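First the structure, in the form of structure tokens, and then the observations on it.
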Amino acid sequence: MPLTDLPLADCRAFRPDLPVPADFDEFWARTLDDSPTSRQESLDKPEFTRVDTGLPLIRTYDVTVPGFAGRPVRGWLHLPTGDARPLGCVVEFLGYGRGRGLPHEKLLWSSAGYAHLVMDTRGQGWSAAGGATADTDAGGAGTVPGFVTRGIESPRTHYYRRVFVDAVRCVEAVRGHPEVDPGRVVVTGVSQGGGIALAVSGLVPGLAGVMPDVPFLCNFRRAAEISGRPPYTEIADYLKLHRDRTEAVFTTLSYFDAALLAERATAPALFSIAMMDEVCPPSTCFTAYNRYAGPKDVRVYAFNGHEGGAEYQQREQLVWVRALLG
């Protein structure tokens, strides 16, 4: 496929002005402090239930964490067997439309000797083992198919407010696990998962590292204007129907721009960006990379699309995490 965005040299220098809501930090502090947990179906604390995967070298737990408003968020926790404790941990957030799936699907990090928590994404997940995470707080006016415009009338009702809180609570939950070293937690994800990881990097202090791959949720306006493939096209499709809501929509989305939250990050980061990515255009990913406030490095894949570095990037990450966590 051809290059459809800025060349690499321009991307490396790309630092557009992004609108920052005046109450941005207050909004997130209030969101994390005020997420209610008093509803009848809310959870009081994380639950870890052992499941049998038939894999004797990895112990797997079905995880339920009280997420936004105390609603249950599901996941898998994989722990390598052995005596070395406490463990460094990798928390993984998933791509758009992906659920946690089967418990044996994602074993790379536990095979490398780390604890590994995979978070289900509310409303998107499925699991043949049961227990997908529902988005029971969804509401508001009509949306287009997908999740980006769900609750877009207000920052308080927007879908990613709930997802980002879920992600923060999952990090907090795994930090409290007796076999995990709370000071050695790394967050990661591809596409949507990369955007969530960036958001968490700005919302959770003391992370050991951040690994966003081809991150979604960055520089929404540019992405909606130049991306020709979903999910960013959901924004354009919504505004085709609601011609009078353009500024209000992008005001709401600015509260969830991972590039703005990345400016609050302090942990070391290893990004990956693909220069022929039509889903998450490289200039939008570099918007986040160039604004990221902590120590950072990036791997660029010049001829790849949204698949990015895939197994090549995993190899880079294994080396990077080993140097970071030991």
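Labeling convention for the structure tokens: chains A, B, ... as they appear, residues from 1 per chain, ligands from 1 in order of appearance.
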
Inset, instruction - Write out as a count of residues only all residues of stretch 17-227 of chain A that backbone DSSP assigns to strand (DSSP E or B). - result: 51

Legend entry - Spatial neighbours of A:Gly194, 7 Å, only C-alpha atoms, chain gap at least 4 places, as a VMD selection string: chain A and resid 188 to 190 198 212 to 216

Inset, instruction - Once DSSP has gone over the backbone, tell me which residues of stretch 119-297 of chain A are in alpha helix (DSSP H), as JSON, numbers by chain. - result: {"A": [159, 160, 161, 162, 163, 164, 165, 166, 167, 168, 169, 170, 171, 172, 173, 174, 175, 192, 193, 194, 195, 196, 197, 198, 199, 200, 201, 202, 203, 220, 221, 222, 223, 224, 225, 226, 233, 234, 235, 236, 237, 238, 239, 240, 241, 246, 247, 248, 249, 250, 251, 252, 253, 254, 258, 259, 260, 261, 262, 282, 283, 284, 285, 286, 287, 288, 289, 290, 291]}

Closest atom pairs, residues of stretch 250-320 of chain A within 12 Å of stretch 159-183 of chain A, only C-alpha atoms, as a tab-separated table:
residue	atom	partner	partner_atom	distance
A:Thr252	CA	A:Arg161	CA	10.4
A:Leu253	CA	A:Tyr160	CA	9.1
A:Ser254	CA	A:Tyr160	CA	11.2
A:Tyr255	CA	A:Arg161	CA	8.6
A:Phe256	CA	A:Tyr160	CA	6.7
A:Asp257	CA	A:Tyr160	CA	9.8
A:Ala258	CA	A:Phe164	CA	10.3
A:Leu261	CA	A:Phe164	CA	11.0
A:Ala267	CA	A:Gly183	CA	11.3

Atoms to include: C-alpha atoms. Write the selected residues as an mmCIF file, in the first residue's frame.
data_model
loop_
_atom_site.group_PDB
_atom_site.id
_atom_site.type_symbol
_atom_site.label_atom_id
_atom_site.label_comp_id
_atom_site.auth_asym_id
_atom_site.auth_seq_id
_atom_site.Cartn_x
_atom_site.Cartn_y
_atom_site.Cartn_z
ATOM 1 C CA THR A 252 -15.874 15.550 24.329
ATOM 2 C CA LEU A 253 -13.189 13.479 22.607
ATOM 3 C CA SER A 254 -10.426 15.799 23.803
ATOM 4 C CA TYR A 255 -10.917 14.486 27.342
ATOM 5 C CA PHE A 256 -9.963 11.009 26.087
ATOM 6 C CA ASP A 257 -7.086 11.915 23.784
ATOM 7 C CA ALA A 258 -4.278 9.571 24.771
ATOM 8 C CA LEU A 261 -2.736 11.938 28.903
ATOM 9 C CA ALA A 267 7.415 5.864 33.071
#

Legend entry - Contacts of A:Ala224 at 7 Å (only C-alpha atoms; same-chain gap of 3+ positions) as a PyMOL selection string: chain A and resi 220-221+227+232-233+235-236

Residues as selected, N, CA and C atoms, written as a PDB file, in the first residue's frame, can you do that?
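Listing of out-v6.pdb after writing:
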ATOM      1  N   PHE A 220      -7.711  12.978  17.778  1.00  0.00           N
ATOM      2  CA  PHE A 220      -8.975  12.530  17.186  1.00  0.00           C
ATOM      3  C   PHE A 220      -9.359  13.308  15.929  1.00  0.00           C
ATOM      4  N   ARG A 221      -9.185  14.614  15.959  1.00  0.00           N
ATOM      5  CA  ARG A 221      -9.680  15.395  14.823  1.00  0.00           C
ATOM      6  C   ARG A 221      -8.903  15.065  13.553  1.00  0.00           C
ATOM      7  N   SER A 227      -8.173   9.414   8.164  1.00  0.00           N
ATOM      8  CA  SER A 227      -8.249   7.956   8.158  1.00  0.00           C
ATOM      9  C   SER A 227      -9.424   7.497   7.301  1.00  0.00           C
ATOM     10  N   TYR A 232     -11.866   5.205  13.310  1.00  0.00           N
ATOM     11  CA  TYR A 232     -11.988   6.661  13.288  1.00  0.00           C
ATOM     12  C   TYR A 232     -13.093   7.129  12.353  1.00  0.00           C
ATOM     13  N   THR A 233     -13.413   6.346  11.331  1.00  0.00           N
ATOM     14  CA  THR A 233     -14.486   6.743  10.419  1.00  0.00           C
ATOM     15  C   THR A 233     -15.843   6.793  11.118  1.00  0.00           C
ATOM     16  N   ILE A 235     -16.452   8.453  13.709  1.00  0.00           N
ATOM     17  CA  ILE A 235     -16.644   9.865  14.068  1.00  0.00           C
ATOM     18  C   ILE A 235     -17.188  10.633  12.871  1.00  0.00           C
ATOM     19  N   ALA A 236     -16.570  10.430  11.713  1.00  0.00           N
ATOM     20  CA  ALA A 236     -17.033  11.115  10.511  1.00  0.00           C
ATOM     21  C   ALA A 236     -18.458  10.697  10.152  1.00  0.00           C
TER      22      ALA A 236
END

Inset, instruction - Using only C-alpha atoms, pick whichever of A:Ala13, A:Ala22, A:Ile58, A:Leu3 has the shortest atom-to-atom distance to A:Glu278. - result: A:Leu3

Legend entry - Straight-line distance linking atom CA of A:Ala259 with atom CA of A:Leu32, stated in Å to one decimal: 19.0 Å

Inset, instruction - Using only C-alpha atoms, find the one residue out of A:Pro268, A:Arg299, A:Ile226, A:Leu87 that sits nearest to A:Thr4. - result: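 Using only C-alpha atoms, A:Thr4 sits closest to A:Ile226.
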
Inset, instruction - Work out how far atom CA of A:Phe14 is from atom CA of A:Phe27, in Å to one decimal. - result: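 One can read the atom CA of A:Phe27 to atom CA of A:Phe14 distance as 27.1 Å.
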
Inset, instruction - Name the residues in contact with stretch 282-290 of chain A at a cut-off of 7 Å, using only C-alpha atoms, excluding same-chain residues fewer than 4 positions from it; report them as an MDAnalysis selection string. - result: chainID A and resid 5:6 11:12 14:15 214:215 218:219 223 258:259 262 273:275 277

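In this comparison, which uses only C-alpha atoms, the residue of A:Ala199, A:Thr246, A:Leu108, A:Ala302 approaching A:Leu318 most closely is A:Leu108.
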
Inset, instruction - Figure out the distance between atom CA of A:Val91 and atom CA of A:Leu117, please, to one decimal in Å. - result: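 Atom CA of A:Val91 lies at a distance of 4.7 Å from atom CA of A:Leu117.
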
Inset, instruction - Might you pull out every residue within 7 Å of A:Val186, with only C-alpha atoms counted and same-chain residues fewer than 2 positions away left off, and present them as a ChimeraX atom specification? - result: /A:89-91,184,188,207-210

Write out, as a short mmCIF file (atom, residue, chain, number, x, y, z; two decimals), in the first residue's frame, the residues just selected, with C-alpha atoms.
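The result, stored in selection39.cif:
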data_model
loop_
_atom_site.label_atom_id
_atom_site.label_comp_id
_atom_site.auth_asym_id
_atom_site.auth_seq_id
_atom_site.Cartn_x
_atom_site.Cartn_y
_atom_site.Cartn_z
CA CYS A 89 3.84 -8.02 35.69
CA VAL A 90 2.61 -7.05 32.22
CA VAL A 91 -0.99 -5.75 32.03
CA ARG A 184 7.38 -3.64 38.52
CA THR A 188 0.86 -2.59 26.96
CA LEU A 207 4.39 2.40 36.50
CA ALA A 208 7.60 0.63 35.54
CA GLY A 209 7.00 0.91 31.80
CA VAL A 210 4.56 1.48 28.94
#

Show me, as a CSV table (one decimal) with C-alpha atoms, in the first residue's frame, the residues that have an atom within 10 Å of A:Glu316 when counting only C-alpha atoms, minus same-chain residues fewer than 4 positions from it.
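This is the output file selection-v2.csv:
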chain,number,residue,atom,x,y,z
A,270,LEU,CA,8.6,1.8,24.0
A,272,SER,CA,5.9,1.1,17.7
A,299,ARG,CA,10.4,1.2,16.6
A,309,GLY,CA,5.6,-5.0,13.9
A,311,GLU,CA,6.1,-10.8,16.2
A,312,TYR,CA,9.1,-8.6,15.4
A,320,TRP,CA,13.2,-4.2,26.6
A,321,VAL,CA,11.1,-5.6,29.4
